[in-house]
Structures are given as C-alpha cells and as structure tokens.
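**Student:** Got a structure for you, written out below as structure tokens; questions coming shortly.
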There are 2 protein chains.
Amino acid sequence: MKIADYIKKNIDENFIEADLPFKTTFKKVPMGSILCDFGEIENCVYFLVRGIVQVNILNTKADFRILDIVFQENFFCSYSSFLKSTPSDVQIVATTDCELEVIKKDDLLLSYQNSLIANQWARYETEKLYLKRVKREKDFMTKTKEEIYLELIENNSELIHYLSIDSIAKYLGIHPESLSRIRKKKIKRN
Amino acid sequence: MKIADYIKKNIDENFIEADLPFKTTFKKVPMGSILCDFGEIENCVYFLVRGIVQVNILNTKADFRILDIVFQENFFCSYSSFLKSTPSDVQIVATTDCELEVIKKDDLLLSYQNSLIANQWARYETEKLYLKRVKREKDFMTKTKEEIYLELIENNSELIHYLSIDSIAKYLGIHPESLSRIRKKKIKRN
C-alpha cells in the first residue's frame, strides 16, 4: 500500500494518486538504520510501506526504553520535534529492513495552506496519534504488564519473529526474565 | 475573544466571522457545572470565552485526580469520547462561572467534509493537544512536583485565586500538606 491508497481507504474513496498534494519519494533502508536520532530536528514524515520501526526514548539510567513500535501501513516521525522544530528526544530505528515513502516537512507545510485533503489526512493522523498516546498512558496505569504483552502479540502476531525478548521487555519496561515467565505461562495455557 | 477571533489570530489572518463553517451557540454556566460526566458520550466541543474548567479522572482509590486545567481562550472537550463515541473516562467541571461558545459534534463533522478552515483549525488544535499531553507525560517523568507547581503558577498566576490548595494538590498528585510545604518554601524565597 502507498500513501495514495491509504488516503483513498481512510479519508476519501474517490482519491487518486495524481491528486496527492505533496511530493513523496521512495526509500529502502536496512535493519538498524537510524531514521531520526536523539537531538536531531525532524524534517520528514514517513509512511511505512513494509517493515517495522521502533521509537526509543532515553530513560534516566542512560539506557533506553522502547516508547512505541510501528507496523507497516502506518505513518511515523518524531512528531513533537517535527511540530516544534526542537531537538528530538526520541530515536527512530528500523527494527527490520524497511521500505518507506517519505514526505518532506516543507512540502507538507506548503500543502497545509490550501489543500483540503492534506488537512483532512493530517487531522485524522494526529487524532489517531493522540488516541494511541492516551490508550498507552491508560494501559500502563491500569493494566498489568502481562495483559499489555498479551494484547500486543494478539494484535501483532508476527512481532515475536522480529523483536527480541530484550526489545519487547524494553517496551513493557520490565526485566527480560519477567517477560520470560509471562511467555512460559502463556505457552502452558495454550 | 470568540472562536472567529481565535481562528483569525491562529489560523488565517483574513478570516471573518461570517465564514465560520459551523454553527456555534453561547452559554453561561455557574461554577460547579458538569459539562461532561464520567460515562457520558461527548457530543460537543467548547471554547472557553471566560473562566476556568478542570478535567477530573478517577484514580484507583475511587477518588479523583485532576488531569488537566483549562484556561480561557482555549478549546476543550472529552476528546477521546468525542472521537470514538465511547463513554467518557473523564469528567469536565466548571471551576469558576464560565462563558462558553459551543460547537455541536454533528455540525463539526459535517464541516470536516468540505471546509478547509475547519480542518486546518482542527488539525492545529489536535496538534496542540498532542503536544500538551506529551509535555505533561514528560514533566511528570522528569520534573519534581515543586518544579511543576512553580511552572504552573508562573504561567497562570491567577490560578491560586480560583483553585483551592486541595485541587492543586489533586492536579500534582501529592498530599495537600506536601503542597503547603512547597508553597511556604516559595514564599520564603521571594
């Protein structure tokens, strides 16, 4: 799926690629590529055509936690840095080889000035991002790590083929040993 | 300031009230009015012309915490409930007597279909809300309660005339006694 297909599916069923209100470019990056680093000012919005990326945030111990995991057919960028033009406090890394469609910030801001579809799409994406953030905050306040883990792999069953135990533990904010116990419990139950 | 003035100031300097893409109504509510209750489905977006409102969230102890405090010339609503049409998990209460300009959800959704300015404004508001949420999360992870308190009253000096010590403590998530200590320390320093 490309950005134009995504807009057709989610925003306007009559949308065609020729009407895209901004330029996009395609890019393939190998696993481990850093798409936005700590301290960098985010200059792009990415559509993940294929692959998985992860968003790392430094915790107090100079070690990182995984703040977010993004799956294909979703947009991502260091959004606070993008909106405020301030140094990014997250790092975005390709967890697998990735295929990306890239929008440059200047092109996007220009399209906001007079394109209805650009604003409809960006409003929709920002709403989604807001809801994701709220859900995450609420989950971490009200659910056990086990419940969060089970929901994560239920919705993204391919995840465990691509992310190490260590990475999933970093996302949940627990020790890898605790995650192993949760996984063993689940295998026993199945 | 009315919604039209806000749009003129923040979105399009040539905007005039006659171009407003949705109907709005004015409303005065007394202090203590509940604008959206726990479990209710949010059906409006409010612009706070005058006054202060607070957003309460239940914590695990069947007691509430203050999730957010909204000052005049800002929009508010139970946004997750509004976007997903699900029961609200927050309660919005008028902390003072308030004057409001109200947009009905149906009118707003209709305007999203073909109004550039409605989508530009809603994108802008959702971006602001997203950044506010991120800042709050980060502040509560990295700053002391004292730093958060000092920043809060520095940016909103009138706050202490309207919110009780108890309410500010509920916002910071600390005991009122701890807040009293912080306040005494600040008075001594000044």
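Labels used: A, B, ... for chains in the order of the structure tokens, numbers from 1 for residues in each chain, and numbers from 1 for ligands as shown.
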Could you pull the residues within 9 Å of Leu83 of chain B, counting only C-alpha atoms, minus those fewer than 5 positions along the same chain, as a list in words?

**Tutor:**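 Those residues are Glu127 and Leu131 of chain A; Glu42 and Ser78 of chain B.
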
**Student:** Keeping only N, CA, C and O atoms, write those residues as an mmCIF file, in the first residue's frame.

**Tutor:**
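That gives us again.cif:
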data_model
loop_
_atom_site.group_PDB
_atom_site.id
_atom_site.type_symbol
_atom_site.label_atom_id
_atom_site.label_comp_id
_atom_site.auth_asym_id
_atom_site.auth_seq_id
_atom_site.Cartn_x
_atom_site.Cartn_y
_atom_site.Cartn_z
ATOM 1 N N GLU A 127 -5.274 12.837 15.242
ATOM 2 C CA GLU A 127 -6.284 12.244 16.122
ATOM 3 C C GLU A 127 -5.877 10.815 16.513
ATOM 4 O O GLU A 127 -5.948 10.440 17.684
ATOM 5 N N LEU A 131 -5.020 9.451 20.250
ATOM 6 C CA LEU A 131 -5.731 8.333 20.873
ATOM 7 C C LEU A 131 -4.761 7.216 21.286
ATOM 8 O O LEU A 131 -4.922 6.598 22.328
ATOM 9 N N GLU B 42 -19.343 12.261 24.719
ATOM 10 C CA GLU B 42 -19.126 13.682 24.448
ATOM 11 C C GLU B 42 -19.733 14.060 23.099
ATOM 12 O O GLU B 42 -19.483 13.430 22.082
ATOM 13 N N SER B 78 -14.224 16.257 26.126
ATOM 14 C CA SER B 78 -13.701 14.923 26.441
ATOM 15 C C SER B 78 -13.345 14.302 25.096
ATOM 16 O O SER B 78 -14.157 13.657 24.444
#

**Student:** Please tabulate, as a Markdown table, the residues of chain B that come within 6 Å of chain A, each with its closest pair of atoms and the distance in Å to one decimal, counting only C-alpha atoms and ordering rows by chain, then residue number upward.

**Tutor:**
| residue | atom | partner | partner_atom | distance |
| --- | --- | --- | --- | --- |
| B:Leu116 | CA | A:Leu116 | CA | 4.9 |
| B:Asn119 | CA | A:Asn119 | CA | 5.5 |
| B:Gln120 | CA | A:Asn119 | CA | 5.7 |
| B:Arg123 | CA | A:Arg123 | CA | 4.3 |
| B:Tyr130 | CA | A:Tyr130 | CA | 5.5 |

**Student:** Output the selection as an mmCIF file, in the first residue's frame - all heavy atoms for each residue.

**Tutor:**
data_model
loop_
_atom_site.group_PDB
_atom_site.id
_atom_site.type_symbol
_atom_site.label_atom_id
_atom_site.label_comp_id
_atom_site.auth_asym_id
_atom_site.auth_seq_id
_atom_site.Cartn_x
_atom_site.Cartn_y
_atom_site.Cartn_z
ATOM 1 N N LEU B 116 -11.953 23.776 4.278
ATOM 2 C CA LEU B 116 -10.504 23.837 4.511
ATOM 3 C C LEU B 116 -10.216 24.386 5.906
ATOM 4 O O LEU B 116 -9.441 23.809 6.671
ATOM 5 C CB LEU B 116 -9.852 24.724 3.434
ATOM 6 C CG LEU B 116 -8.353 24.977 3.583
ATOM 7 C CD1 LEU B 116 -7.552 23.683 3.461
ATOM 8 C CD2 LEU B 116 -7.865 25.989 2.538
ATOM 9 N N ASN B 119 -10.803 22.020 8.883
ATOM 10 C CA ASN B 119 -9.766 21.001 9.003
ATOM 11 C C ASN B 119 -8.429 21.581 9.443
ATOM 12 O O ASN B 119 -7.701 20.961 10.218
ATOM 13 C CB ASN B 119 -9.612 20.242 7.682
ATOM 14 C CG ASN B 119 -10.721 19.231 7.476
ATOM 15 O OD1 ASN B 119 -10.693 18.161 8.067
ATOM 16 N ND2 ASN B 119 -11.712 19.585 6.675
ATOM 17 N N GLN B 120 -8.115 22.794 8.959
ATOM 18 C CA GLN B 120 -6.870 23.452 9.394
ATOM 19 C C GLN B 120 -6.927 23.721 10.894
ATOM 20 O O GLN B 120 -5.964 23.457 11.628
ATOM 21 C CB GLN B 120 -6.679 24.773 8.641
ATOM 22 C CG GLN B 120 -6.211 24.586 7.202
ATOM 23 C CD GLN B 120 -6.142 25.902 6.446
ATOM 24 O OE1 GLN B 120 -7.026 26.756 6.601
ATOM 25 N NE2 GLN B 120 -5.125 26.064 5.622
ATOM 26 N N ARG B 123 -6.869 20.376 12.877
ATOM 27 C CA ARG B 123 -5.517 19.816 12.855
ATOM 28 C C ARG B 123 -4.643 20.548 13.864
ATOM 29 O O ARG B 123 -3.958 19.940 14.685
ATOM 30 C CB ARG B 123 -4.918 19.923 11.443
ATOM 31 C CG ARG B 123 -3.442 19.532 11.364
ATOM 32 C CD ARG B 123 -2.861 19.662 9.964
ATOM 33 N NE ARG B 123 -2.960 20.979 9.375
ATOM 34 C CZ ARG B 123 -2.234 22.043 9.734
ATOM 35 N NH1 ARG B 123 -1.363 21.951 10.716
ATOM 36 N NH2 ARG B 123 -2.402 23.201 9.134
ATOM 37 N N TYR B 130 -1.985 17.185 21.442
ATOM 38 C CA TYR B 130 -0.972 16.125 21.441
ATOM 39 C C TYR B 130 0.293 16.603 22.161
ATOM 40 O O TYR B 130 0.825 15.913 23.031
ATOM 41 C CB TYR B 130 -0.656 15.713 20.001
ATOM 42 C CG TYR B 130 0.485 14.738 19.905
ATOM 43 C CD1 TYR B 130 0.297 13.388 20.150
ATOM 44 C CD2 TYR B 130 1.773 15.170 19.584
ATOM 45 C CE1 TYR B 130 1.352 12.491 20.092
ATOM 46 C CE2 TYR B 130 2.832 14.275 19.516
ATOM 47 C CZ TYR B 130 2.613 12.948 19.778
ATOM 48 O OH TYR B 130 3.652 12.073 19.729
#

**Student:** Please indicate the distance in Å from atom CA of Ile182 of chain B to atom CA of Glu151 of chain B, rounded to one decimal place.

**Tutor:**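 Computed distance, atom CA of Ile182 of chain B to atom CA of Glu151 of chain B, equals 12.7 Å.
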
**Student:** Tell me which protein, DNA and RNA residues are within 12 Å of Ser164 of chain B, counting only C-alpha atoms, leaving out same-chain ones fewer than 3 positions away, and put them as a ChimeraX atom specification.

**Tutor:** /B:95-96,158-161,167-171,176,179-180
